[in-house]
Every structure is written in C-alpha cells, then in structure tokens.
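Below: final_24.cif (mmCIF, C-alpha atoms and all ligand atoms)
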data_protein
#
loop_
_atom_site.group_PDB
_atom_site.id
_atom_site.type_symbol
_atom_site.label_atom_id
_atom_site.label_comp_id
_atom_site.auth_asym_id
_atom_site.auth_seq_id
_atom_site.Cartn_x
_atom_site.Cartn_y
_atom_site.Cartn_z
ATOM 1 C CA MET K 799 -34.445 -3.116 -7.810
ATOM 2 C CA SER K 800 -31.288 -1.208 -8.721
ATOM 3 C CA SER K 801 -29.627 0.954 -6.078
ATOM 4 C CA GLU K 802 -27.845 2.968 -8.765
ATOM 5 C CA ILE K 803 -27.843 6.690 -8.023
ATOM 6 C CA GLN K 804 -29.084 8.941 -10.804
ATOM 7 C CA ILE K 805 -26.255 11.119 -12.142
ATOM 8 C CA SER K 806 -27.207 14.776 -12.087
ATOM 9 C CA GLU K 807 -26.708 16.241 -15.576
ATOM 10 C CA SER K 808 -26.726 19.856 -14.344
ATOM 11 C CA SER K 809 -23.873 19.270 -11.874
ATOM 12 C CA GLY K 810 -20.170 19.462 -12.624
ATOM 13 C CA THR K 811 -17.747 16.523 -12.704
ATOM 14 C CA LEU K 812 -15.266 15.645 -10.006
ATOM 15 C CA TYR K 813 -12.067 14.446 -11.723
ATOM 16 C CA ILE K 814 -9.659 12.294 -9.714
ATOM 17 C CA VAL K 815 -6.337 13.069 -11.357
ATOM 18 C CA ALA K 816 -3.152 11.037 -10.887
ATOM 19 C CA THR K 817 0.085 13.044 -10.823
ATOM 20 C CA PRO K 818 3.737 11.891 -11.030
ATOM 21 C CA ILE K 819 5.457 9.932 -8.252
ATOM 22 C CA GLY K 820 8.842 11.416 -9.097
ATOM 23 C CA ASN K 821 9.172 12.042 -12.810
ATOM 24 C CA LEU K 822 7.188 15.038 -14.065
ATOM 25 C CA ASP K 823 7.126 13.592 -17.593
ATOM 26 C CA ASP K 824 4.753 10.896 -16.332
ATOM 27 C CA LEU K 825 1.909 13.412 -16.125
ATOM 28 C CA SER K 826 -0.476 12.578 -18.974
ATOM 29 C CA SER K 827 -1.578 15.158 -21.518
ATOM 30 C CA ARG K 828 -5.180 14.401 -20.498
ATOM 31 C CA ALA K 829 -4.299 15.196 -16.880
ATOM 32 C CA ILE K 830 -2.806 18.544 -17.939
ATOM 33 C CA ALA K 831 -5.890 19.335 -20.049
ATOM 34 C CA VAL K 832 -8.257 18.534 -17.172
ATOM 35 C CA LEU K 833 -6.218 20.525 -14.629
ATOM 36 C CA SER K 834 -6.284 23.540 -16.991
ATOM 37 C CA ARG K 835 -9.987 23.253 -17.762
ATOM 38 C CA VAL K 836 -11.580 22.789 -14.338
ATOM 39 C CA SER K 837 -12.653 25.732 -12.181
ATOM 40 C CA LEU K 838 -10.829 24.472 -9.078
ATOM 41 C CA VAL K 839 -8.004 22.072 -8.215
ATOM 42 C CA ALA K 840 -8.325 20.584 -4.710
ATOM 43 C CA ALA K 841 -4.819 19.594 -3.630
ATOM 44 C CA GLU K 842 -3.274 18.047 -0.530
ATOM 45 C CA ASP K 843 -0.534 20.681 -0.380
ATOM 46 C CA THR K 844 -1.252 23.732 -2.498
ATOM 47 C CA ARG K 845 2.341 24.977 -2.307
ATOM 48 C CA HIS K 846 3.805 21.681 -3.498
ATOM 49 C CA SER K 847 1.222 21.137 -6.249
ATOM 50 C CA GLY K 848 1.211 24.868 -7.074
ATOM 51 C CA ARG K 849 4.835 24.517 -8.208
ATOM 52 C CA MET K 850 3.878 21.645 -10.501
ATOM 53 C CA LEU K 851 0.958 23.565 -11.999
ATOM 54 C CA GLN K 852 3.141 26.626 -12.461
ATOM 55 C CA ALA K 853 5.773 24.546 -14.283
ATOM 56 C CA LEU K 854 2.980 23.353 -16.608
ATOM 57 C CA GLY K 855 1.670 26.873 -17.188
ATOM 58 C CA VAL K 856 -1.649 26.008 -15.498
ATOM 59 C CA ASP K 857 -3.099 28.829 -13.403
ATOM 60 C CA THR K 858 -6.303 27.166 -12.130
ATOM 61 C CA ARG K 859 -7.410 28.240 -8.667
ATOM 62 C CA MET K 860 -6.434 25.863 -5.870
ATOM 63 C CA LEU K 861 -7.977 24.776 -2.576
ATOM 64 C CA ALA K 862 -6.174 22.834 0.164
ATOM 65 C CA LEU K 863 -7.841 19.510 0.913
ATOM 66 C CA HIS K 864 -5.879 17.222 3.195
ATOM 67 C CA ASP K 865 -6.406 14.618 5.924
ATOM 68 C CA HIS K 866 -7.088 17.274 8.579
ATOM 69 C CA ASN K 867 -9.668 19.390 6.749
ATOM 70 C CA GLU K 868 -11.266 17.016 4.235
ATOM 71 C CA ARG K 869 -14.595 16.897 6.055
ATOM 72 C CA ASP K 870 -14.917 20.730 6.074
ATOM 73 C CA ARG K 871 -13.591 21.265 2.581
ATOM 74 C CA THR K 872 -15.867 18.617 1.086
ATOM 75 C CA GLY K 873 -18.799 21.005 1.612
ATOM 76 C CA GLN K 874 -17.110 23.780 -0.369
ATOM 77 C CA VAL K 875 -16.157 21.463 -3.199
ATOM 78 C CA MET K 876 -19.654 19.951 -3.289
ATOM 79 C CA GLN K 877 -21.188 23.416 -3.574
ATOM 80 C CA ARG K 878 -19.152 24.163 -6.694
ATOM 81 C CA LEU K 879 -19.963 20.800 -8.215
ATOM 82 C CA GLU K 880 -23.671 21.284 -7.521
ATOM 83 C CA GLU K 881 -23.474 24.716 -9.189
ATOM 84 C CA GLY K 882 -22.289 22.953 -12.334
ATOM 85 C CA GLN K 883 -18.552 23.626 -12.056
ATOM 86 C CA ASP K 884 -15.943 20.928 -12.687
ATOM 87 C CA VAL K 885 -13.333 20.247 -9.978
ATOM 88 C CA ALA K 886 -10.120 18.172 -10.014
ATOM 89 C CA LEU K 887 -8.690 16.395 -6.987
ATOM 90 C CA ILE K 888 -4.962 15.713 -6.828
ATOM 91 C CA SER K 889 -2.630 14.548 -4.066
ATOM 92 C CA ASP K 890 1.058 15.278 -3.477
ATOM 93 C CA ALA K 891 2.068 12.368 -5.689
ATOM 94 C CA GLY K 892 0.440 9.486 -7.511
ATOM 95 C CA THR K 893 -3.203 8.537 -7.406
ATOM 96 C CA PRO K 894 -5.503 10.308 -4.908
ATOM 97 C CA LEU K 895 -7.243 8.050 -2.336
ATOM 98 C CA ILE K 896 -4.449 5.456 -2.515
ATOM 99 C CA SER K 897 -3.068 6.067 1.006
ATOM 100 C CA ASP K 898 -4.036 9.684 0.309
ATOM 101 C CA PRO K 899 -7.053 11.930 1.024
ATOM 102 C CA GLY K 900 -10.208 11.982 -1.081
ATOM 103 C CA PHE K 901 -12.385 9.155 0.225
ATOM 104 C CA ILE K 902 -14.837 11.431 2.070
ATOM 105 C CA LEU K 903 -15.203 13.702 -0.964
ATOM 106 C CA VAL K 904 -15.657 10.903 -3.504
ATOM 107 C CA ARG K 905 -18.152 9.112 -1.266
ATOM 108 C CA GLU K 906 -20.172 12.301 -0.765
ATOM 109 C CA ALA K 907 -20.077 13.214 -4.462
ATOM 110 C CA ARG K 908 -21.288 9.742 -5.475
ATOM 111 C CA ALA K 909 -24.023 9.811 -2.841
ATOM 112 C CA LYS K 910 -25.284 13.130 -4.252
ATOM 113 C CA GLY K 911 -25.293 11.905 -7.844
ATOM 114 C CA ILE K 912 -22.240 13.911 -8.933
ATOM 115 C CA ARG K 913 -20.264 12.369 -11.789
ATOM 116 C CA VAL K 914 -16.853 11.216 -10.504
ATOM 117 C CA SER K 915 -14.356 10.430 -13.241
ATOM 118 C CA PRO K 916 -10.795 9.101 -12.903
ATOM 119 C CA VAL K 917 -7.871 10.420 -14.911
ATOM 120 C CA PRO K 918 -5.530 7.473 -14.274
ATOM 121 C CA GLY K 919 -1.775 7.622 -14.159
ATOM 122 C CA PRO K 920 1.138 6.996 -11.780
ATOM 123 C CA CYS K 921 0.609 4.927 -8.656
ATOM 124 C CA ALA K 922 3.544 3.551 -6.664
ATOM 125 C CA ILE K 923 1.844 0.176 -6.010
ATOM 126 C CA VAL K 924 1.337 -0.546 -9.696
ATOM 127 C CA ALA K 925 4.719 0.848 -10.746
ATOM 128 C CA ALA K 926 6.465 -1.344 -8.156
ATOM 129 C CA LEU K 927 4.484 -4.508 -8.863
ATOM 130 C CA CYS K 928 4.783 -4.431 -12.639
ATOM 131 C CA ALA K 929 8.579 -4.454 -12.479
ATOM 132 C CA ALA K 930 9.184 -6.594 -9.372
ATOM 133 C CA GLY K 931 8.996 -10.048 -10.906
ATOM 134 C CA LEU K 932 6.556 -11.295 -8.253
ATOM 135 C CA PRO K 933 3.176 -12.849 -9.088
ATOM 136 C CA THR K 934 0.644 -10.139 -9.927
ATOM 137 C CA ASP K 935 -2.401 -12.305 -10.622
ATOM 138 C CA ARG K 936 -3.476 -11.677 -7.040
ATOM 139 C CA PHE K 937 -2.072 -9.025 -4.724
ATOM 140 C CA ALA K 938 -3.180 -7.443 -1.471
ATOM 141 C CA PHE K 939 -2.273 -3.818 -0.825
ATOM 142 C CA GLU K 940 -2.046 -3.301 2.936
ATOM 143 C CA GLY K 941 -1.148 0.415 3.072
ATOM 144 C CA PHE K 942 1.508 1.400 5.611
ATOM 145 C CA LEU K 943 2.588 -1.095 8.274
ATOM 146 C CA PRO K 944 2.007 0.166 11.845
ATOM 147 C CA SER K 945 4.884 2.250 13.187
ATOM 148 C CA LYS K 946 5.100 0.421 16.551
ATOM 149 C CA LYS K 947 6.877 -2.923 16.564
ATOM 150 C CA GLY K 948 4.203 -4.868 18.483
ATOM 151 C CA ALA K 949 1.392 -3.800 16.159
ATOM 152 C CA ARG K 950 3.588 -4.314 13.091
ATOM 153 C CA VAL K 951 4.487 -7.877 14.105
ATOM 154 C CA ALA K 952 0.799 -8.617 14.812
ATOM 155 C CA VAL K 953 -0.184 -7.451 11.314
ATOM 156 C CA LEU K 954 2.610 -9.488 9.724
ATOM 157 C CA GLU K 955 1.604 -12.589 11.698
ATOM 158 C CA LYS K 956 -1.952 -12.227 10.477
ATOM 159 C CA LEU K 957 -0.767 -11.958 6.882
ATOM 160 C CA ALA K 958 1.935 -14.660 7.003
ATOM 161 C CA SER K 959 -0.246 -17.328 5.410
ATOM 162 C CA GLU K 960 -1.811 -15.045 2.784
ATOM 163 C CA THR K 961 -1.109 -16.543 -0.633
ATOM 164 C CA ALA K 962 -1.481 -13.320 -2.648
ATOM 165 C CA THR K 963 1.545 -11.058 -3.125
ATOM 166 C CA LEU K 964 1.538 -8.534 -0.262
ATOM 167 C CA VAL K 965 2.256 -4.869 -0.959
ATOM 168 C CA PHE K 966 3.030 -2.150 1.602
ATOM 169 C CA TYR K 967 4.147 1.450 1.567
ATOM 170 C CA GLU K 968 6.951 2.126 4.029
ATOM 171 C CA SER K 969 8.707 5.197 5.317
ATOM 172 C CA PRO K 970 12.511 5.507 5.145
ATOM 173 C CA HIS K 971 12.620 5.789 8.967
ATOM 174 C CA ARG K 972 11.174 2.321 9.408
ATOM 175 C CA ILE K 973 12.330 0.387 6.356
ATOM 176 C CA LEU K 974 15.094 -1.491 8.228
ATOM 177 C CA GLU K 975 12.904 -2.350 11.219
ATOM 178 C CA ALA K 976 10.042 -3.465 8.986
ATOM 179 C CA THR K 977 12.330 -5.660 6.873
ATOM 180 C CA ALA K 978 13.786 -7.223 10.044
ATOM 181 C CA ASP K 979 10.267 -7.976 11.310
ATOM 182 C CA ILE K 980 9.265 -9.532 7.983
ATOM 183 C CA ALA K 981 12.325 -11.828 8.177
ATOM 184 C CA GLU K 982 11.494 -12.715 11.769
ATOM 185 C CA VAL K 983 7.777 -13.377 11.268
ATOM 186 C CA MET K 984 7.665 -14.799 7.729
ATOM 187 C CA GLY K 985 11.058 -16.470 7.668
ATOM 188 C CA ALA K 986 14.553 -15.396 6.613
ATOM 189 C CA ASN K 987 14.051 -16.852 3.143
ATOM 190 C CA ARG K 988 10.635 -15.402 2.332
ATOM 191 C CA GLU K 989 11.046 -13.719 -1.061
ATOM 192 C CA LEU K 990 10.941 -9.965 -0.878
ATOM 193 C CA VAL K 991 11.207 -7.163 -3.428
ATOM 194 C CA ILE K 992 11.704 -3.597 -2.239
ATOM 195 C CA ALA K 993 11.293 -0.811 -4.781
ATOM 196 C CA ARG K 994 13.005 2.453 -3.880
ATOM 197 C CA GLU K 995 12.665 5.886 -5.501
ATOM 198 C CA LEU K 996 10.508 4.703 -8.404
ATOM 199 C CA THR K 997 10.766 6.786 -11.594
ATOM 200 C CA LYS K 998 13.527 8.892 -10.004
ATOM 201 C CA THR K 999 17.279 9.034 -10.688
ATOM 202 C CA PHE K 1000 18.168 6.531 -7.979
ATOM 203 C CA GLU K 1001 15.401 4.030 -8.683
ATOM 204 C CA THR K 1002 16.481 0.668 -7.203
ATOM 205 C CA PHE K 1003 14.882 -2.770 -6.837
ATOM 206 C CA TYR K 1004 16.250 -4.973 -4.057
ATOM 207 C CA SER K 1005 15.185 -8.600 -4.361
ATOM 208 C CA GLY K 1006 15.966 -11.836 -2.541
ATOM 209 C CA GLY K 1007 15.284 -13.502 0.792
ATOM 210 C CA ALA K 1008 14.095 -11.200 3.593
ATOM 211 C CA ALA K 1009 17.267 -11.604 5.708
ATOM 212 C CA GLU K 1010 19.493 -11.092 2.678
ATOM 213 C CA ILE K 1011 17.658 -7.895 1.717
ATOM 214 C CA LEU K 1012 17.991 -6.585 5.254
ATOM 215 C CA GLU K 1013 21.780 -6.968 5.017
ATOM 216 C CA THR K 1014 21.827 -5.342 1.556
ATOM 217 C CA LEU K 1015 19.817 -2.354 2.790
ATOM 218 C CA LYS K 1016 22.069 -1.962 5.828
ATOM 219 C CA ALA K 1017 25.165 -2.059 3.645
ATOM 220 C CA ASP K 1018 23.791 0.433 1.099
ATOM 221 C CA PRO K 1019 24.369 4.075 2.150
ATOM 222 C CA HIS K 1020 21.075 4.934 0.407
ATOM 223 C CA GLY K 1021 19.324 1.845 1.831
ATOM 224 C CA SER K 1022 17.157 3.820 4.215
ATOM 225 C CA ARG K 1023 16.687 6.994 2.201
ATOM 226 C CA GLY K 1024 13.878 7.898 -0.173
ATOM 227 C CA GLU K 1025 10.492 6.326 -0.766
ATOM 228 C CA PHE K 1026 9.794 2.608 -0.598
ATOM 229 C CA VAL K 1027 7.292 -0.006 -1.711
ATOM 230 C CA VAL K 1028 7.711 -3.369 0.011
ATOM 231 C CA MET K 1029 6.417 -6.479 -1.762
ATOM 232 C CA ILE K 1030 6.342 -9.923 -0.169
ATOM 233 C CA ARG K 1031 5.761 -13.105 -2.124
ATOM 234 C CA GLY K 1032 2.607 -14.828 -0.873
ATOM 235 C CA ALA K 1033 2.742 -18.019 1.188
ATOM 236 C CA GLU K 1034 2.686 -21.353 -0.636
ATOM 237 C CA LYS K 1035 -0.742 -21.906 -2.212
ATOM 238 C CA ASP K 1036 -1.724 -25.295 -0.926
ATOM 239 C CA ALA K 1037 -1.457 -25.858 2.800
ATOM 240 C CA GLY K 1038 -0.547 -29.475 1.938
ATOM 241 C CA ASP K 1039 2.560 -28.138 0.217
ATOM 242 C CA ALA K 1040 3.337 -25.600 2.914
ATOM 243 C CA GLY K 1041 7.065 -24.924 3.100
ATOM 244 C CA MET K 1042 8.923 -25.867 6.251
ATOM 245 C CA GLU K 1043 9.164 -22.202 7.257
ATOM 246 C CA GLU K 1044 5.398 -21.943 7.392
ATOM 247 C CA VAL K 1045 5.116 -25.289 9.211
ATOM 248 C CA ASP K 1046 7.611 -24.105 11.830
ATOM 249 C CA ARG K 1047 5.779 -20.822 12.226
ATOM 250 C CA LEU K 1048 2.491 -22.623 12.863
ATOM 251 C CA LEU K 1049 4.118 -25.032 15.300
ATOM 252 C CA LYS K 1050 5.792 -22.259 17.277
ATOM 253 C CA LEU K 1051 2.576 -20.274 17.366
ATOM 254 C CA LEU K 1052 0.520 -23.201 18.655
ATOM 255 C CA LEU K 1053 3.209 -24.189 21.147
ATOM 256 C CA THR K 1054 2.687 -20.886 22.924
ATOM 257 C CA GLU K 1055 -0.800 -22.144 23.876
ATOM 258 C CA LEU K 1056 -0.847 -25.936 23.522
ATOM 259 C CA PRO K 1057 1.124 -29.005 24.587
ATOM 260 C CA VAL K 1058 3.538 -30.529 22.031
ATOM 261 C CA LYS K 1059 1.290 -33.417 21.049
ATOM 262 C CA LYS K 1060 -1.773 -31.286 20.431
ATOM 263 C CA ALA K 1061 0.205 -28.654 18.467
ATOM 264 C CA ALA K 1062 1.765 -31.345 16.250
ATOM 265 C CA LYS K 1063 -1.630 -32.943 15.628
ATOM 266 C CA LEU K 1064 -3.239 -29.658 14.593
ATOM 267 C CA VAL K 1065 -0.372 -28.661 12.281
ATOM 268 C CA ALA K 1066 -0.460 -32.144 10.732
ATOM 269 C CA GLU K 1067 -4.146 -31.611 9.989
ATOM 270 C CA MET K 1068 -3.536 -28.153 8.590
ATOM 271 C CA THR K 1069 -0.564 -29.027 6.379
ATOM 272 C CA GLY K 1070 -0.981 -32.702 5.570
ATOM 273 C CA ARG K 1071 2.487 -33.489 6.974
ATOM 274 C CA ALA K 1072 3.265 -36.526 9.093
ATOM 275 C CA LYS K 1073 2.206 -36.142 12.714
ATOM 276 C CA ASN K 1074 5.285 -37.884 14.037
ATOM 277 C CA GLU K 1075 7.671 -35.686 12.052
ATOM 278 C CA LEU K 1076 5.889 -32.643 13.441
ATOM 279 C CA TYR K 1077 5.892 -34.057 16.956
ATOM 280 C CA GLN K 1078 9.695 -34.443 16.822
ATOM 281 C CA ARG K 1079 10.064 -30.969 15.412
ATOM 282 C CA ALA K 1080 7.779 -29.429 18.035
ATOM 283 C CA LEU K 1081 9.670 -31.257 20.733
ATOM 284 C CA SER K 1082 12.956 -29.757 19.583
ATOM 285 C CA PHE K 1083 11.451 -26.261 19.624
ATOM 286 C CA LYS K 1084 10.121 -26.841 23.123
ATOM 287 C CA GLU K 1085 13.579 -27.974 24.259
ATOM 288 C CA ASP K 1086 15.208 -24.920 22.623
HETATM 289 N N1 LIG K 1101 -1.074 8.074 -3.677
HETATM 290 C C1 LIG K 1101 0.283 7.622 -3.824
HETATM 291 C C2 LIG K 1101 0.361 6.571 -4.926
HETATM 292 O O1 LIG K 1101 -0.517 6.564 -5.781
HETATM 293 O O2 LIG K 1101 1.300 5.800 -4.956
HETATM 294 C C3 LIG K 1101 0.840 7.125 -2.524
HETATM 295 C C4 LIG K 1101 0.820 8.130 -1.425
HETATM 296 S S1 LIG K 1101 1.478 7.567 0.086
HETATM 297 C C5 LIG K 1101 1.108 8.900 1.142
HETATM 298 C C6 LIG K 1101 3.205 7.816 -0.128
HETATM 299 C C7 LIG K 1101 3.968 6.509 -0.136
HETATM 300 O O3 LIG K 1101 3.919 5.927 -1.436
HETATM 301 C C8 LIG K 1101 5.455 6.679 0.154
HETATM 302 O O4 LIG K 1101 5.707 6.725 1.544
HETATM 303 C C9 LIG K 1101 6.039 5.440 -0.486
HETATM 304 O O5 LIG K 1101 5.862 4.316 0.348
HETATM 305 C C10 LIG K 1101 5.136 5.298 -1.731
HETATM 306 N N2 LIG K 1101 5.745 6.014 -2.860
HETATM 307 C C11 LIG K 1101 5.340 7.158 -3.423
HETATM 308 N N3 LIG K 1101 6.171 7.519 -4.418
HETATM 309 C C12 LIG K 1101 7.115 6.557 -4.494
HETATM 310 C C13 LIG K 1101 8.266 6.362 -5.307
HETATM 311 N N4 LIG K 1101 8.602 7.243 -6.238
HETATM 312 N N5 LIG K 1101 9.020 5.265 -5.095
HETATM 313 C C14 LIG K 1101 8.691 4.370 -4.133
HETATM 314 N N6 LIG K 1101 7.630 4.511 -3.334
HETATM 315 C C15 LIG K 1101 6.846 5.592 -3.517
#
How does the structure come out when it is put into structure tokens?
Amino acid sequence: MSSEIQISESSGTLYIVATPIGNLDDLSSRAIAVLSRVSLVAAEDTRHSGRMLQALGVDTRMLALHDHNERDRTGQVMQRLEEGQDVALISDAGTPLISDPGFILVREARAKGIRVSPVPGPCAIVAALCAAGLPTDRFAFEGFLPSKKGARVAVLEKLASETATLVFYESPHRILEATADIAEVMGANRELVIARELTKTFETFYSGGAAEILETLKADPHGSRGEFVVMIRGAEKDAGDAGMEEVDRLLKLLLTELPVKKAAKLVAEMTGRAKNELYQRALSFKED
C-alpha cells in the first residue's frame, strides 16, 4: 500500500526559492518570476529581503517567518495555501531549510497535501564543494559545529573516522578555534579546504593541512572575517590502510580506558597493523 499523500488540486503551491549568497546576479529568472507571481513571500527577515525584492522591482506582500515564530506563522501560510493562493518561502541567503527556517512549514504543507515545489539556486555547501577540489562522490553536511569547545571536540571525535568529505558552516567568531580543534582531533595534516565569502569580492579558498591552514588564517587580516564553509577530507577508506594519524588517534583514545596491551591488540584488529608495532607505539604514548 502506498503512503503517498494525495496532492490537493484546489490548493496553492508553496515554492521554496533559493536566493543569492552574496552576488545578486545569481538569482535565477525563474526565482524572480515566482517571487513576482505569488500572493505572499514568507521571509526570514522582511527588511533584508525587502531590499532585494525592491531592487528587483517586485512588490509582493511579505510575512516574517523565522526560527522564533515559524510554528505560529505556519498556520497563516497554510490558510492562504488552502485557499488556493501560491506562497514563496525565502531565507536571508541561499536555500531555505539548509541551516535555515522552513522545515515545520514544508512538513505541514506536505502532510496536508499541499504541492511544495523547489526553485533551486545558490547554496553555500554546494558552491564550496564544487570548487574545493575534495572528493564529492560522498559528503556529509554537519551544519554548524557546537560553539562550546567541549561539545565541538566531541562532535569532531565522533566524525574523525568518517570517510565521506565533511562539510560545516562556521561563524567568523569561531573559525580559528574550530580549525585548531580540527587539527588537534583529526591530525595536523588532515586535508582541509575553507571557503570564505563565496561569490563575493573577497572570495577565498584556503587549502592544505589543518595546522597549516590555521597559521594561514591567523596571518591573514581577513582570516576571521566574513562567512565560511569548512570542508574536511574524509578519513582513509579502508581501515586496513588507515594512516598513522588515525592509528595514533585510536591508540590514544583507547589508552584513556585500557592498558597498553589491550589497546594495541584492539587497534591491530581494527586497522590490520602489526600488534607489536602498535604495542611499542602505545607504550611510547603512555610514557609521554
Ligand atoms: N541557507 C544557506 C545556504 O543555502 O547556504 C545557509 C544559511 S546559514 C544560516 C549561513 C551560513 O552559511 C554562514 O554562517 C556560512 O557558514 C554559510 N554561508 C552563507 N553564505 C556564504 C558565503 N557567501 N560564503 C561562505 N559561506 C557562506
């Protein structure tokens, strides 16, 4: 039996419209047409998006829909849609719902059989990945890293052996701390690409080992200004081929709980490396 929900033909359509992440020319002509045609544009910040619409000559009515009022505003938007009116959802920049509001509304609209249609366009994750030179066959977008060091390190530790390329959004206030934690947890040489100010005048890609990038960012007067996407190359695919960095990380982790012999044995099983080699290595860590 199919669980597909019947789309209501008498209702309007909810359009999820991507807007630029820095360069206004990236707004598609279809996006402009939809924003002009709908009866209402739900926007995260009506003042910010109002300026964009004004610059485009679009005078569609706007409604504020952000993280703090999405639940309430969803009812109002749903009413219009159920009356047969079309509505567009936009966020401050890029694609709505990607670390932006809209999930509650889209979920509710789909549950009620309202047609939800994307108008795709800019998204910082995709813009960063397609130009970074890191593998894109598999990637894991992890949103923003936690702002507190302890929680951030815990998340990074959990992801250290992930083999897909890891992608994060990061704020300028924490970019240096986050890069330092990546170097500490995943190793100084873990390959990193940081995309800054995508599509804007000062667009920059920093790439290299994590420790090297940290130094570059510190030395660059713009290194902690603007908007950032952080991309980390995934861990080696086959545990049998695990790099020494990963082996050391596992050993150190297990040594916090286990005696040297047991830790070496487990890491040997996990990585396929010689037990004795790992025993010697673990011993030297213990002595340090
Ligand atoms: N929905 C947006 C998208 O589709 O990319 C993302 C919204 S999220 C609240 C904002 C974060 O996206 C920023 O803190 C930054 O990490 C990233 N970002 C947005 N625009 C960017 C740009 N032009 N260059 C680099 N990162 C950007």
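Distance cut-off 12 Å, centre (-22.8, 17.3, -13.8), atoms counted all atoms listed in the file; the residues meeting this are K:Gln804, K:Ile805, K:Ser806, K:Glu807, K:Ser808, K:Ser809, K:Gly810, K:Thr811, K:Leu812, K:Tyr813, K:Met876, K:Arg878, K:Leu879, K:Glu880, K:Glu881, K:Gly882, K:Gln883, K:Asp884, K:Val885, K:Ala907, K:Arg908, K:Lys910, K:Gly911, K:Ile912, K:Arg913, K:Val914, K:Ser915.
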Enumerate, in order of chain and increasing residue number, the residues of chain K with an atom no farther than 6 Å from ligand LIG 1101 (chain K), each with its shortest atom pair and distance in Å to one decimal, counting all atoms listed in the file, as JSON lines.
{"residue": "K:Ile819", "atom": "CA", "partner": "K:LIG1101", "partner_atom": "N3", "distance": 4.6}
{"residue": "K:Gly820", "atom": "CA", "partner": "K:LIG1101", "partner_atom": "N4", "distance": 5.1}
{"residue": "K:Ala891", "atom": "CA", "partner": "K:LIG1101", "partner_atom": "C1", "distance": 5.4}
{"residue": "K:Gly892", "atom": "CA", "partner": "K:LIG1101", "partner_atom": "O1", "distance": 3.5}
{"residue": "K:Thr893", "atom": "CA", "partner": "K:LIG1101", "partner_atom": "O1", "distance": 3.7}
{"residue": "K:Pro894", "atom": "CA", "partner": "K:LIG1101", "partner_atom": "N1", "distance": 5.1}
{"residue": "K:Ile896", "atom": "CA", "partner": "K:LIG1101", "partner_atom": "N1", "distance": 4.4}
{"residue": "K:Ser897", "atom": "CA", "partner": "K:LIG1101", "partner_atom": "S1", "distance": 4.9}
{"residue": "K:Asp898", "atom": "CA", "partner": "K:LIG1101", "partner_atom": "N1", "distance": 5.2}
{"residue": "K:Cys921", "atom": "CA", "partner": "K:LIG1101", "partner_atom": "O1", "distance": 3.5}
{"residue": "K:Ala922", "atom": "CA", "partner": "K:LIG1101", "partner_atom": "O2", "distance": 3.6}
{"residue": "K:Ile923", "atom": "CA", "partner": "K:LIG1101", "partner_atom": "O2", "distance": 5.7}
{"residue": "K:Tyr967", "atom": "CA", "partner": "K:LIG1101", "partner_atom": "O5", "distance": 3.6}
{"residue": "K:Glu968", "atom": "CA", "partner": "K:LIG1101", "partner_atom": "O5", "distance": 4.4}
{"residue": "K:Ser969", "atom": "CA", "partner": "K:LIG1101", "partner_atom": "O4", "distance": 5.1}
{"residue": "K:Ala993", "atom": "CA", "partner": "K:LIG1101", "partner_atom": "C14", "distance": 5.8}
{"residue": "K:Arg994", "atom": "CA", "partner": "K:LIG1101", "partner_atom": "C14", "distance": 4.7}
{"residue": "K:Glu995", "atom": "CA", "partner": "K:LIG1101", "partner_atom": "N5", "distance": 3.7}
{"residue": "K:Leu996", "atom": "CA", "partner": "K:LIG1101", "partner_atom": "N5", "distance": 3.7}
{"residue": "K:Thr997", "atom": "CA", "partner": "K:LIG1101", "partner_atom": "N4", "distance": 5.8}
{"residue": "K:Glu1025", "atom": "CA", "partner": "K:LIG1101", "partner_atom": "N6", "distance": 4.3}
{"residue": "K:Phe1026", "atom": "CA", "partner": "K:LIG1101", "partner_atom": "N6", "distance": 4.0}
{"residue": "K:Val1027", "atom": "CA", "partner": "K:LIG1101", "partner_atom": "N6", "distance": 4.8}
Residues in the PyMOL selection byres (((chain K and resi 927) around 10) and not hetatm), expressed as a ChimeraX atom specification: /K:922-926,928-934,937,963-965,991-993,1027-1029
d(atom CA of K:Leu1064, atom CA of K:Val983) in Å: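 Pair atom CA of K:Leu1064 / atom CA of K:Val983 returns 19.9 Å.
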One-decimal distance in Å that lies between atom CA of K:Ala840 and atom CA of K:Ile888: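 Atom CA of K:Ala840 lies at a distance of 6.3 Å from atom CA of K:Ile888.
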Residues matched by the PyMOL selection byres (((chain K and resi 1005) around 6) and not hetatm), written as a list in words: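 On this input, the PyMOL selection byres (((chain K and resi 1005) around 6) and not hetatm) captures Leu990, Val991, Tyr1004 and Gly1006 of chain K.
Evaluating the PyMOL selection byres (((chain K and resi 890) around 8) and not hetatm) against the shown model yields K:Thr817, K:Ala841, K:Glu842, K:Asp843, K:His846, K:Ser847, K:Ile888, K:Ser889, K:Ala891, K:Gly892.
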